[in-house]
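**Q** Have a look at this one before I ask anything.
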Amino acid sequence: MDQHGLTEHTHSSFVPLQIRSERPKSKSITDFPAIDNRQDLWKYVNLDKLAGLDSDVLSEYTNQVSFQQVSGVGFAWIESTDPRVGSVGIPEDRVAAATYTNASRTLLIEINSDQTEPVFLNISGDSKEASALHILVIAKKHTHATLVLQHQGLGVLGEIVELDVQDEATLNLVSVQNWDAGSTHISAHFAKLGRNANLKHTTASFGGDFVRITPVTTFAGAGAEVEMNGVYFANSGQYIENRPFVDHASPNCKSRVTYKGALSGAKAHTVWIGDVLIRVAAEGTDTYELNRNLLLTDGARADSVPNLEIETGEIQGAGHASASGRFDDEQLFYLEARGIPESEARRLVVLGFLVEILQRTGVDSVIEQMTAVLEKKLEER
Amino acid sequence: MPELKISDLFVTVETEQGTKEILKGVNLTVKSGEIHAIMGPNGSGKSTLAYSIAGHPKYTVTGGSITLDGEDVLEMSVDERARAGLFLAMQYPVEIPGVSVSNFLRTAKTAIDGEAPALRTWIKDVKSAMEGLRMDPAFAERNVNEGFSGGEKKRHEILQMELLKPKFAVLDETDSGLDVDALKIVSEGVNRVHAANNMGVILITHYTRILNYIKPDYVHVFVDGKVAEEGGPELAARLEAEGYDRYAKAN
Ligand SMILES: Nc1ncnc2c1ncn2[C@@H]1O[C@H](COP(=O)(O)OP(=O)(O)OP(=O)(O)O)[C@@H](O)[C@H]1O
Ligand SMILES: [Mg+2]
């Protein structure tokens with residue numbers, strides 16, 4: 001039963017996508033044309049907000065990155081010519097290529113042994129200079145770890161995050177975008193999952209004028225599982241775009257994609273494009289993707305497009321749903337029937353709707369801090 | 001003496017086929033401390049009555065009145081009704097993702113009392129109420145009704161009632177879905193609150209079994225949107241034996 005009183009579109013027929021698998025890939029910016037709104041990838045974007053991240057030359061983001069050494073995790077800046085760099089994913093758009101070209105060094109994070117506590121990487125900007133940052137995470141075979149990328153401060157950042165989740169490894173990756181106003185962040189995530197590997201991938205985007213994340217998960221081995229979650233909140237003038245893509249290239253893999261967003265304020269705009277491709281080899285695939293948006297005020301705009309491309313008939317299950325709407329009346333009624341005034345009930349329902357995604361990370365500090373951020377954003381317009 | 005008075009209540013609901021009249025002149029008066037059982041066939045309008053008392057926006061009152069100690073309940077918003085002392089234990093409690101039970105309970109208590117409860121006594125009260133209902137303390141950290149079993153949801157409704165101490169409670173099929181032990185535990189909970197606060201109770205049920213634990217002063221037979229017959233506890237036994245056929249034919 002649908003608990004949310006949103007207008008639900010559960011598609012039974014599949015919307016073919018524009019051949020997601022054949023999108024051009026290159027490390028070199030010169031292989032991509034100048035960005036314009038006619039390109040499907042940049043269709044919704046206000047080009048003025050790219051803040052120079054599509055230009056040929058970017059600065060490097062190294063001083064702004066900090067981490068605490070923990071045993072069992074290796075941190076090292078390596079030359080980007082190292083063959084490991086780019087082994088997980090190659091840029092599929094101009095900004096990612098500019099990032100690739102300009103980040104001469106890459107931060108290599110190697111998870112060598114099980115981590116009981118989350119590992120934090122702080123990325124704190126302090127200027128509007130367009131910059132590039134390339135991160136490569138290698139979760140070695142059989143390891144378990146949680147890694148949190150915390151973006152904050154003022155920044156104009158082009159970023160690539162490669163996640164090499166090796167056979168039987170479990171990685172819980174959380175990327176928090178808590179930028180100051182005036183920031184632009186365009187980030188391409190590439191994850192490659194080995195046999196029986198498990199990735200939980202969460203993006204939490206709340207601050208910054210323009211935040212766009214394009215996380216791609218590719219199943220390189222059989223029996224792997226990915227959970228891709230996202231939560232976002234756009235106030236007036238903020239633009240937040242998420243384009244998760246799951247590439248089912250191996251048999252018997254499972255993917256769950258869940259993104260939830262809220263928008264408040266006249267010019268708040270969010271875009272969610274969820275692509276799932278089930279290749280011929282991917283028999284026994286089980287996939288479901290979902291996007292829900294809560295429009296808290298008039299004038300906010302949430303674009304939501306799920307795409308499913310299926311090349312084999314031998315699948316376990318494939319589905320998607322997308323819904324944008326206002327409040328769930330039943331939830332509000334339940335709270336109000338316990339004496340809670342309507343405004344407070346609304347606040348609780350919205351917070352709960354979003355916090356649920358944060359809770360899935362299991363990282364207490366992220367849950368607490370970001371709940372506080374959300375509470376503040378709810379007061380804003 | 002406080003009383004909840006429902007007079008000649010008419011209620012409609014919007015359906016795809018147009019406006020449908022569900023309540024067709026309900027009369028019912030419950031005084032403090034009284035327990036009224038309402039029994040009636042599926043679809044006769046029992047939950048509609050419960051929701052109309054609580055003020056669910058889906059239901060439109062087209063005639064009649066509801067008053068609480070003489071105050072016009074229909075003029076009140078949903079939360080005002082709760083703060084005035086009305087409580088509805090729902091037939092299908094709603095899941096609220098991301099809102100923990102403990103946060104929810106504290107927020108509700110603060111709203112009802114008009115001030116935050118003293119932390120120490122509050123924690124003690126919640127703990128002992130949960131113990132009384134044999135609820136695992138872990139429920140406090142779970143999200144409201146999310147993943148609760150049917151019986152756990154019902155216990156959670158009674159937990160709220162125990163903590164919020166209403167003047168009048170409508171229990172909509174609180175006994176449905178409870179196992180034998182849970183039925184007893186939940187009934188004891190209702191009796192505790194009833195005794196402690198002299199609460200008036202409207203108990204909607206399909207089964208006489210709960211009436212062995214919660215003794216009604218009156219039994220009302222609800223048929224086709226209104227009260228068709230009233231009597232004492234003996235009426236419940238007769239209904240169980242004979243069913244509602246008699247009333248259906250009378251229509
Ligand atoms: N929102 C609605 N839309 C359409 N019909 C409704 C709606 N709400 C109630 N009804 C109809 O009103 C009638 C009374 O419903 P109600 O839930 O009050 O019955 P009930 O006596 O509580 O039944 P049960 O014993 O099965 O719980 C039913 O026929 C039901 O289908
Ligand atoms: Mg009912």
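Ordering of the structure tokens sets the chain letters (A, B, ...), residue numbers begin anew at 1 in every chain, and ligands are numbered from 1 in the order given.
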Counting only C-alpha atoms and all ligand atoms, what residues are within 8 Å of ligand 1, given as a PyMOL selection string?
**A** chain B and resi 13-16+20-22+40-50+58-59+91+172-173+205-206+222+225
**Q** Just the residues within 10 Å of stretch 104-116 of chain B, please, counting only C-alpha atoms, with nothing from its chain fewer than 3 positions along; format it as a PyMOL selection string.
**A** (chain A and resi 335-341+344-345+348) or (chain B and resi 79-80+82-85+96+99-101+119+122-123+126+140+143-144+159-160+163-166)
**Q** Please extract the residues of stretch 42-205 of chain A with a backbone DSSP assignment of strand (DSSP E or B) and present them as a PyMOL selection string.
**A** chain A and resi 59-60+65-67+73-79+105-111+119-139+144-165+170-179+184-193+198-205
**Q** Please, which residues of stretch 19-155 of chain A, numbered as in this document, come out alpha helix (DSSP H) from DSSP, as a list in words?
**A**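 Here is the list: Arg94, Val95, Ala96, Ala97, Ala98, Thr99, Tyr100, Thr101 and Asn102 of chain A.
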**Q** How many Å separate atom CA of A:Asn242 from atom CA of A:Gly230?
**A** 8.1 Å
**Q** Please measure the separation of atom CA of B:His220 and atom CA of B:Gly232, giving the value in Å to one decimal.
**A**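 Distance reported for this atom pair: 8.5 Å.
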**Q** With only C-alpha atoms counted and 10 Å as the cut-off, give the residues of stretch 27-97 of chain B in contact with stretch 194-203 of chain B, each with its shortest interatomic distance in Å and the pair that gives it, as a Markdown table.
**A**
| residue | atom | partner | partner_atom | distance |
| --- | --- | --- | --- | --- |
| B:Leu28 | CA | B:Ile202 | CA | 9.8 |
| B:Thr29 | CA | B:Ile202 | CA | 10.0 |
| B:Val30 | CA | B:Gly200 | CA | 6.5 |
| B:Lys31 | CA | B:Gly200 | CA | 6.1 |
| B:Ser32 | CA | B:Gly200 | CA | 4.5 |
| B:Gly33 | CA | B:Asn198 | CA | 4.5 |
| B:Glu34 | CA | B:Gly200 | CA | 4.9 |
| B:Ile35 | CA | B:Val201 | CA | 4.7 |
| B:His36 | CA | B:Ile202 | CA | 4.9 |
| B:Ala37 | CA | B:Leu203 | CA | 4.6 |
| B:Ile38 | CA | B:Leu203 | CA | 5.9 |
| B:Met39 | CA | B:Leu203 | CA | 8.5 |
| B:Ala50 | CA | B:Ile202 | CA | 8.8 |
| B:Gly85 | CA | B:Met199 | CA | 9.5 |
| B:Leu86 | CA | B:Gly200 | CA | 9.7 |
| B:Phe87 | CA | B:Val201 | CA | 9.6 |
| B:Leu88 | CA | B:Ile202 | CA | 9.4 |
| B:Ala89 | CA | B:Leu203 | CA | 9.7 |
**Q** If you count only C-alpha atoms, which residues fall within 6 Å of A:His320, apart from same-chain ones fewer than 3 positions away, as a PyMOL selection string?
**A** chain A and resi 288-290
**Q** Store the residues picked out above, limited to N, CA and C atoms, as a PDB file, in the first residue's frame.
**A**
ATOM      1  N   TYR A 288      15.206  -2.013  -8.434  1.00  0.00           N
ATOM      2  CA  TYR A 288      14.071  -1.119  -8.221  1.00  0.00           C
ATOM      3  C   TYR A 288      14.601   0.270  -7.955  1.00  0.00           C
ATOM      4  N   GLU A 289      14.030   1.250  -8.601  1.00  0.00           N
ATOM      5  CA  GLU A 289      14.451   2.617  -8.322  1.00  0.00           C
ATOM      6  C   GLU A 289      13.260   3.501  -8.046  1.00  0.00           C
ATOM      7  N   LEU A 290      13.485   4.430  -7.139  1.00  0.00           N
ATOM      8  CA  LEU A 290      12.391   5.238  -6.613  1.00  0.00           C
ATOM      9  C   LEU A 290      12.866   6.660  -6.354  1.00  0.00           C
TER      10      LEU A 290
END
**Q** From the options B:Met90, B:Ala228, B:Ala118, B:Met130, which residue's atoms come nearest to ligand 2, counting only C-alpha atoms and all ligand atoms?
**A** B:Met90
**Q** Find the residue from B:Val73, B:Val190, B:Leu211, B:Leu171 that sits nearest to ligand 2; use only C-alpha atoms and all ligand atoms when measuring.
**A** B:Leu171
**Q** Have a look at A:Thr258, A:Ser183, A:Asn172, A:Gln331 and name the one nearest to chain B; count only C-alpha atoms.
**A** A:Gln331
**Q** Of the candidates A:Ala302, A:Ala372, A:Leu351, A:Leu378, which one gets nearest to chain B if we count only C-alpha atoms?
**A**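 Among A:Ala302, A:Ala372, A:Leu351, A:Leu378, it is A:Leu351 that comes nearest to chain B.
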